[in-house]
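One structure below.
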Amino acid sequence: MSATTQANKLAVLGAGHVGPVIARLALMAGYPVAIATSGDPEDIALITELVIPGAQPRWASDAVADADIVVLAIPLHRFLDVDPQMLNGKLVVDAMNYWPASDGVLAAFEDGGSSEIVARRLAGSTVVKALNHIGYHELEDRARPADAPGRRAAGVAGDDPAAVATIAGLVDAIGYDPVRLDSLRAGRVLQPGGPVFGVVLTSREFERAVRADAGSLA
């Protein structure tokens, strides 16, 4: 475990499907992890002990305050209830998706890429889109060490290169080759309907799919 990994404490907001998977992978990679929901941490203490051993259930505000990286793994409609000030100054991973076919229409997310809208609401934070485009079962099952043949890729998109580099390090540590995209707008390829959403690709296949999508829009 590197000194960089040791310095990065994670707060995972969301204890549904995606949050616990990200928490387990991060714990295996050596990251200290706190997990929180919108309620009392006692409500998730037992399930955390059973499903995410090693993670610390905490009040959301306390988990965020102590974290270097905050992962948003909540249903997108619940994001609108999150106090942006709680996340001020934090590096935030947006692992959420806007998927009207599944979740219904959310007027706040109808105009542009969902992570761009998240970033505008979290103006005091640095937002990176990642860990949203691979299904939670596959995210855990397909994770592999860095030298494993056929290792799969995961996209990392953001407007801040240093933040993207930090989250690329997290993605690498939990078992995927990070493919960096140079803006949140470019990260629209990771959304539902994008060319890499819902599929698990190698880095070469991922980059080819993104290039093909860009060519079709040209």
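Ligands are numbered from 1 in the order shown, chains are lettered A, B, ... in the order of the structure tokens, and residues start at 1 in each chain.
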Could you give me, as a tab-separated table, every range 152-171 of chain A residue with an atom at most 10 Å from range 105-121 of chain A, plus its closest atom pair and distance in Å to one decimal, counting only C-alpha atoms, rows ordered by chain then number?
residue	atom	partner	partner_atom	distance
A:Ala157	CA	A:Ser115	CA	9.3
A:Gly158	CA	A:Ser115	CA	9.1
A:Asp159	CA	A:Glu116	CA	9.8
Would you write out those residues with N, CA and C atoms, as a tab-separated table (two decimals), in the first residue's frame?
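Result written to again26.tsv:
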chain	number	residue	atom	x	y	z
A	157	ALA	N	-13.62	10.79	-15.37
A	157	ALA	CA	-13.81	12.05	-16.10
A	157	ALA	C	-13.89	13.21	-15.14
A	158	GLY	N	-13.21	14.30	-15.49
A	158	GLY	CA	-13.29	15.49	-14.65
A	158	GLY	C	-12.61	16.68	-15.28
A	159	ASP	N	-12.88	17.84	-14.72
A	159	ASP	CA	-12.31	19.08	-15.24
A	159	ASP	C	-11.00	19.45	-14.55
Hey, what's within 12 Å of range 81-85 of chain A if we count only C-alpha atoms and toss same-chain stuff fewer than 6 positions away? As a ChimeraX atom specification, please?
-> /A:13-14,37-38,60-61,64-65,72,74-75,92,118-127
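The protein and nucleic acid residues lying at most 9 Å from range 48-56 of chain A are Ala15, Pro20, Val21, Ala23, Arg24, Leu27, Pro32, Val33, Ala34, Ile35, Ala36, Pro41, Ile44, Ala45 and Ala63 of chain A, with only C-alpha atoms considered and sequence neighbours fewer than 3 positions away removed.
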For the selection you just gave me, I'd like the residues written to a file as an mmCIF file, in the first residue's frame, keeping all heavy atoms.
data_model
loop_
_atom_site.group_PDB
_atom_site.id
_atom_site.type_symbol
_atom_site.label_atom_id
_atom_site.label_comp_id
_atom_site.auth_asym_id
_atom_site.auth_seq_id
_atom_site.Cartn_x
_atom_site.Cartn_y
_atom_site.Cartn_z
ATOM 1 N N ALA A 15 -25.743 2.992 0.948
ATOM 2 C CA ALA A 15 -25.540 1.612 1.386
ATOM 3 C C ALA A 15 -26.490 0.667 0.661
ATOM 4 O O ALA A 15 -26.907 -0.348 1.215
ATOM 5 C CB ALA A 15 -25.722 1.507 2.900
ATOM 6 N N PRO A 20 -21.799 -0.448 -1.077
ATOM 7 C CA PRO A 20 -21.062 -1.512 -0.407
ATOM 8 C C PRO A 20 -20.008 -2.178 -1.283
ATOM 9 O O PRO A 20 -18.945 -2.568 -0.783
ATOM 10 C CB PRO A 20 -22.169 -2.502 -0.010
ATOM 11 C CG PRO A 20 -23.377 -1.643 0.171
ATOM 12 C CD PRO A 20 -23.262 -0.615 -0.916
ATOM 13 N N VAL A 21 -20.267 -2.308 -2.585
ATOM 14 C CA VAL A 21 -19.267 -2.896 -3.480
ATOM 15 C C VAL A 21 -18.031 -2.011 -3.546
ATOM 16 O O VAL A 21 -16.891 -2.494 -3.418
ATOM 17 C CB VAL A 21 -19.857 -3.120 -4.884
ATOM 18 C CG1 VAL A 21 -18.753 -3.448 -5.891
ATOM 19 C CG2 VAL A 21 -20.883 -4.240 -4.861
ATOM 20 N N ALA A 23 -17.094 0.141 -1.363
ATOM 21 C CA ALA A 23 -16.466 0.106 -0.043
ATOM 22 C C ALA A 23 -15.621 -1.149 0.132
ATOM 23 O O ALA A 23 -14.487 -1.084 0.632
ATOM 24 C CB ALA A 23 -17.539 0.189 1.046
ATOM 25 N N ARG A 24 -16.155 -2.301 -0.272
ATOM 26 C CA ARG A 24 -15.392 -3.548 -0.116
ATOM 27 C C ARG A 24 -14.119 -3.530 -0.948
ATOM 28 O O ARG A 24 -13.044 -3.921 -0.486
ATOM 29 C CB ARG A 24 -16.250 -4.752 -0.521
ATOM 30 C CG ARG A 24 -17.220 -5.217 0.540
ATOM 31 C CD ARG A 24 -17.751 -6.602 0.254
ATOM 32 N NE ARG A 24 -18.520 -6.688 -0.972
ATOM 33 C CZ ARG A 24 -19.824 -6.460 -1.063
ATOM 34 N NH1 ARG A 24 -20.512 -6.126 0.016
ATOM 35 N NH2 ARG A 24 -20.451 -6.578 -2.221
ATOM 36 N N LEU A 27 -11.591 -1.166 0.653
ATOM 37 C CA LEU A 27 -11.002 -1.758 1.845
ATOM 38 C C LEU A 27 -9.941 -2.785 1.476
ATOM 39 O O LEU A 27 -8.859 -2.825 2.070
ATOM 40 C CB LEU A 27 -12.090 -2.420 2.698
ATOM 41 C CG LEU A 27 -12.966 -1.473 3.520
ATOM 42 C CD1 LEU A 27 -14.233 -2.190 3.980
ATOM 43 C CD2 LEU A 27 -12.203 -0.937 4.724
ATOM 44 N N PRO A 32 -8.913 3.322 4.180
ATOM 45 C CA PRO A 32 -9.860 3.397 5.290
ATOM 46 C C PRO A 32 -11.212 3.883 4.749
ATOM 47 O O PRO A 32 -11.259 4.843 3.969
ATOM 48 C CB PRO A 32 -9.257 4.433 6.240
ATOM 49 C CG PRO A 32 -7.848 4.642 5.755
ATOM 50 C CD PRO A 32 -7.842 4.325 4.305
ATOM 51 N N VAL A 33 -12.295 3.223 5.145
ATOM 52 C CA VAL A 33 -13.603 3.521 4.571
ATOM 53 C C VAL A 33 -14.643 3.723 5.667
ATOM 54 O O VAL A 33 -14.779 2.896 6.573
ATOM 55 C CB VAL A 33 -14.078 2.382 3.637
ATOM 56 C CG1 VAL A 33 -15.487 2.667 3.111
ATOM 57 C CG2 VAL A 33 -13.112 2.199 2.468
ATOM 58 N N ALA A 34 -15.366 4.822 5.568
ATOM 59 C CA ALA A 34 -16.575 5.030 6.359
ATOM 60 C C ALA A 34 -17.758 4.983 5.403
ATOM 61 O O ALA A 34 -17.647 5.387 4.239
ATOM 62 C CB ALA A 34 -16.528 6.382 7.064
ATOM 63 N N ILE A 35 -18.876 4.465 5.887
ATOM 64 C CA ILE A 35 -20.070 4.402 5.043
ATOM 65 C C ILE A 35 -21.224 5.056 5.791
ATOM 66 O O ILE A 35 -21.321 4.957 7.022
ATOM 67 C CB ILE A 35 -20.398 2.948 4.641
ATOM 68 C CG1 ILE A 35 -21.481 2.915 3.546
ATOM 69 C CG2 ILE A 35 -20.770 2.087 5.852
ATOM 70 C CD1 ILE A 35 -21.521 1.638 2.755
ATOM 71 N N ALA A 36 -22.066 5.747 5.041
ATOM 72 C CA ALA A 36 -23.147 6.491 5.672
ATOM 73 C C ALA A 36 -24.367 6.512 4.774
ATOM 74 O O ALA A 36 -24.272 6.386 3.547
ATOM 75 C CB ALA A 36 -22.700 7.924 5.970
ATOM 76 N N PRO A 41 -26.352 5.884 11.909
ATOM 77 C CA PRO A 41 -25.438 4.800 11.561
ATOM 78 C C PRO A 41 -25.751 3.493 12.279
ATOM 79 O O PRO A 41 -25.382 2.418 11.797
ATOM 80 C CB PRO A 41 -24.061 5.349 11.960
ATOM 81 C CG PRO A 41 -24.333 6.477 12.892
ATOM 82 C CD PRO A 41 -25.638 7.042 12.474
ATOM 83 N N ILE A 44 -27.443 0.839 10.162
ATOM 84 C CA ILE A 44 -26.703 0.032 9.192
ATOM 85 C C ILE A 44 -25.508 -0.680 9.823
ATOM 86 O O ILE A 44 -24.690 -1.276 9.122
ATOM 87 C CB ILE A 44 -26.226 0.880 7.992
ATOM 88 C CG1 ILE A 44 -25.303 2.023 8.442
ATOM 89 C CG2 ILE A 44 -27.405 1.404 7.191
ATOM 90 C CD1 ILE A 44 -24.576 2.712 7.290
ATOM 91 N N ALA A 45 -25.402 -0.631 11.150
ATOM 92 C CA ALA A 45 -24.237 -1.199 11.821
ATOM 93 C C ALA A 45 -24.121 -2.693 11.596
ATOM 94 O O ALA A 45 -23.038 -3.213 11.273
ATOM 95 C CB ALA A 45 -24.288 -0.880 13.315
ATOM 96 N N ALA A 63 -18.663 11.386 8.522
ATOM 97 C CA ALA A 63 -17.899 10.629 7.537
ATOM 98 C C ALA A 63 -17.272 11.561 6.510
ATOM 99 O O ALA A 63 -16.093 11.434 6.162
ATOM 100 C CB ALA A 63 -18.800 9.612 6.845
#
Backbone DSSP call of strand (DSSP E or B) for range 63-140 of chain A, listed as an NGL selection string = :A and (69-72 or 91-94 or 126-130)
Please provide as a list in words all residues within 8 Å of Gln191 in chain A, with the sequence filter that same-chain residues fewer than 6 positions apart are discarded (counting only C-alpha atoms).
->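 The neighbour list is Asn97, Tyr98, Gly113, Asn132, His133 and Phe197 of chain A.
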Using the chain letters and numbers from this document, which residues of chain A does DSSP assign to alpha helix (DSSP H), as a ChimeraX atom specification?
-> /A:3-7,18-28,45-51,60-66,76-79,100-103,114-121,136-141,161-174,203-217
What does the file look like for those residues with C-alpha atoms, as a JSON list (two decimals), in the first residue's frame?
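Final file, result.json:
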[["chain", "number", "residue", "atom", "x", "y", "z"],
["A", 3, "ALA", "CA", 1.65, 6.50, 1.05],
["A", 4, "THR", "CA", -0.91, 8.06, -1.30],
["A", 5, "THR", "CA", -3.39, 5.31, -0.52],
["A", 6, "GLN", "CA", -2.75, 5.69, 3.21],
["A", 7, "ALA", "CA", -3.59, 9.39, 3.03],
["A", 18, "VAL", "CA", -23.19, 0.16, -5.45],
["A", 19, "GLY", "CA", -21.91, 1.73, -2.23],
["A", 20, "PRO", "CA", -21.06, -1.51, -0.41],
["A", 21, "VAL", "CA", -19.27, -2.90, -3.48],
["A", 22, "ILE", "CA", -17.09, 0.20, -3.79],
["A", 23, "ALA", "CA", -16.47, 0.11, -0.04],
["A", 24, "ARG", "CA", -15.39, -3.55, -0.12],
["A", 25, "LEU", "CA", -13.05, -3.03, -3.06],
["A", 26, "ALA", "CA", -11.52, 0.05, -1.45],
["A", 27, "LEU", "CA", -11.00, -1.76, 1.85],
["A", 28, "MET", "CA", -9.27, -4.61, 0.03],
["A", 45, "ALA", "CA", -24.24, -1.20, 11.82],
["A", 46, "LEU", "CA", -25.17, -4.88, 11.61],
["A", 47, "ILE", "CA", -25.36, -5.03, 7.82],
["A", 48, "THR", "CA", -22.05, -3.17, 7.61],
["A", 49, "GLU", "CA", -20.41, -5.69, 9.95],
["A", 50, "LEU", "CA", -21.73, -8.59, 7.88],
["A", 51, "VAL", "CA", -21.40, -7.25, 4.34],
["A", 60, "ALA", "CA", -22.93, 11.34, 6.92],
["A", 61, "SER", "CA", -21.64, 14.70, 8.15],
["A", 62, "ASP", "CA", -18.94, 13.05, 10.28],
["A", 63, "ALA", "CA", -17.90, 10.63, 7.54],
["A", 64, "VAL", "CA", -17.56, 13.47, 5.04],
["A", 65, "ALA", "CA", -15.71, 15.74, 7.47],
["A", 66, "ASP", "CA", -12.96, 13.16, 7.98],
["A", 76, "LEU", "CA", -29.81, 10.43, -8.04],
["A", 77, "HIS", "CA", -33.12, 11.85, -6.86],
["A", 78, "ARG", "CA", -31.82, 11.73, -3.29],
["A", 79, "PHE", "CA", -28.82, 13.82, -4.26],
["A", 100, "PRO", "CA", -35.19, 7.99, -16.72],
["A", 101, "ALA", "CA", -36.26, 4.57, -18.02],
["A", 102, "SER", "CA", -35.51, 3.12, -14.59],
["A", 103, "ASP", "CA", -35.90, 6.02, -12.17],
["A", 114, "SER", "CA", -25.76, 14.51, -14.98],
["A", 115, "SER", "CA", -22.27, 14.95, -13.50],
["A", 116, "GLU", "CA", -22.04, 18.45, -14.92],
["A", 117, "ILE", "CA", -25.28, 19.28, -13.12],
["A", 118, "VAL", "CA", -24.00, 17.63, -9.94],
["A", 119, "ALA", "CA", -20.83, 19.73, -10.18],
["A", 120, "ARG", "CA", -22.79, 22.95, -10.60],
["A", 121, "ARG", "CA", -24.78, 22.15, -7.45],
["A", 136, "TYR", "CA", -22.26, -3.45, -9.27],
["A", 137, "HIS", "CA", -22.05, -7.25, -9.62],
["A", 138, "GLU", "CA", -19.55, -6.98, -12.43],
["A", 139, "LEU", "CA", -17.61, -4.20, -10.72],
["A", 140, "GLU", "CA", -16.71, -6.61, -7.95],
["A", 141, "ASP", "CA", -16.42, -9.80, -10.00],
["A", 161, "PRO", "CA", -6.46, 17.03, -13.83],
["A", 162, "ALA", "CA", -5.10, 16.53, -10.31],
["A", 163, "ALA", "CA", -8.45, 15.27, -9.07],
["A", 164, "VAL", "CA", -8.77, 12.96, -12.05],
["A", 165, "ALA", "CA", -5.28, 11.60, -11.31],
["A", 166, "THR", "CA", -6.24, 10.90, -7.69],
["A", 167, "ILE", "CA", -9.39, 9.01, -8.66],
["A", 168, "ALA", "CA", -7.53, 7.20, -11.42],
["A", 169, "GLY", "CA", -5.26, 5.94, -8.65],
["A", 170, "LEU", "CA", -8.29, 4.72, -6.71],
["A", 171, "VAL", "CA", -9.69, 2.97, -9.79],
["A", 172, "ASP", "CA", -6.33, 1.30, -10.41],
["A", 173, "ALA", "CA", -6.06, 0.23, -6.77],
["A", 174, "ILE", "CA", -9.48, -1.44, -6.74],
["A", 203, "SER", "CA", -8.63, -0.31, -22.14],
["A", 204, "ARG", "CA", -8.14, -0.73, -25.88],
["A", 205, "GLU", "CA", -11.79, -1.66, -26.43],
["A", 206, "PHE", "CA", -12.91, 1.21, -24.20],
["A", 207, "GLU", "CA", -10.86, 3.80, -26.06],
["A", 208, "ARG", "CA", -12.02, 2.42, -29.42],
["A", 209, "ALA", "CA", -15.67, 2.68, -28.35],
["A", 210, "VAL", "CA", -15.19, 6.27, -27.17],
["A", 211, "ARG", "CA", -13.44, 7.25, -30.41],
["A", 212, "ALA", "CA", -16.17, 5.65, -32.48],
["A", 213, "ASP", "CA", -18.82, 7.53, -30.53],
["A", 214, "ALA", "CA", -16.97, 10.82, -31.00],
["A", 215, "GLY", "CA", -16.71, 10.12, -34.73],
["A", 216, "SER", "CA", -20.42, 9.45, -35.00],
["A", 217, "LEU", "CA", -21.16, 12.83, -33.43]]
Contacts of Thr202 in chain A within 7 Å, only C-alpha atoms, excl. fewer than 6 positions in-chain, as a VMD selection string = chain A and resid 150 to 153
Saved selection, atoms kept: all heavy atoms, as a CSV table (one decimal), in the first residue's frame:
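This is the output file again.csv:
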chain,number,residue,atom,x,y,z
A,150,GLY,N,-5.9,-9.4,-19.5
A,150,GLY,CA,-7.3,-9.1,-19.8
A,150,GLY,C,-7.9,-8.2,-18.8
A,150,GLY,O,-9.2,-8.1,-18.7
A,151,ARG,N,-7.2,-7.5,-18.0
A,151,ARG,CA,-7.7,-6.5,-17.0
A,151,ARG,C,-8.7,-5.5,-17.7
A,151,ARG,O,-8.4,-5.1,-18.8
A,151,ARG,CB,-6.6,-5.8,-16.3
A,151,ARG,CG,-7.1,-5.1,-15.0
A,151,ARG,CD,-5.9,-4.3,-14.4
A,151,ARG,NE,-6.1,-4.0,-13.0
A,151,ARG,CZ,-5.7,-2.9,-12.5
A,151,ARG,NH1,-5.1,-1.9,-13.2
A,151,ARG,NH2,-5.9,-2.6,-11.2
A,152,ARG,N,-9.7,-5.2,-17.0
A,152,ARG,CA,-10.8,-4.3,-17.6
A,152,ARG,C,-10.5,-2.9,-17.3
A,152,ARG,O,-9.7,-2.6,-16.4
A,152,ARG,CB,-12.1,-4.8,-17.2
A,152,ARG,CG,-12.4,-6.2,-17.6
A,152,ARG,CD,-12.4,-6.5,-19.1
A,152,ARG,NE,-12.3,-7.9,-19.4
A,152,ARG,CZ,-12.6,-8.4,-20.6
A,152,ARG,NH1,-13.0,-7.6,-21.6
A,152,ARG,NH2,-12.5,-9.7,-20.9
A,153,ALA,N,-11.2,-2.0,-18.0
A,153,ALA,CA,-11.0,-0.6,-17.8
A,153,ALA,C,-12.2,0.1,-17.2
A,153,ALA,O,-13.4,-0.4,-17.3
A,153,ALA,CB,-10.8,0.1,-19.2
Give the answer as one residue: which of A:Gly89, A:Gly194, A:Gly104, A:Gly39 has the shortest atom-to-atom distance to Ile134 in chain A, using only C-alpha atoms?
->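 Between A:Gly89, A:Gly194, A:Gly104, A:Gly39, the residue approaching Ile134 in chain A most closely is A:Gly194.
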Calculate how many Å separate CA of His17 in chain A from CA of Val200 in chain A, rounding to one decimal.
->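 It comes out at 17.8 Å.
Across the model, the gap from CA of Asp94 in chain A to CA of Ala186 in chain A is 14.2 Å.
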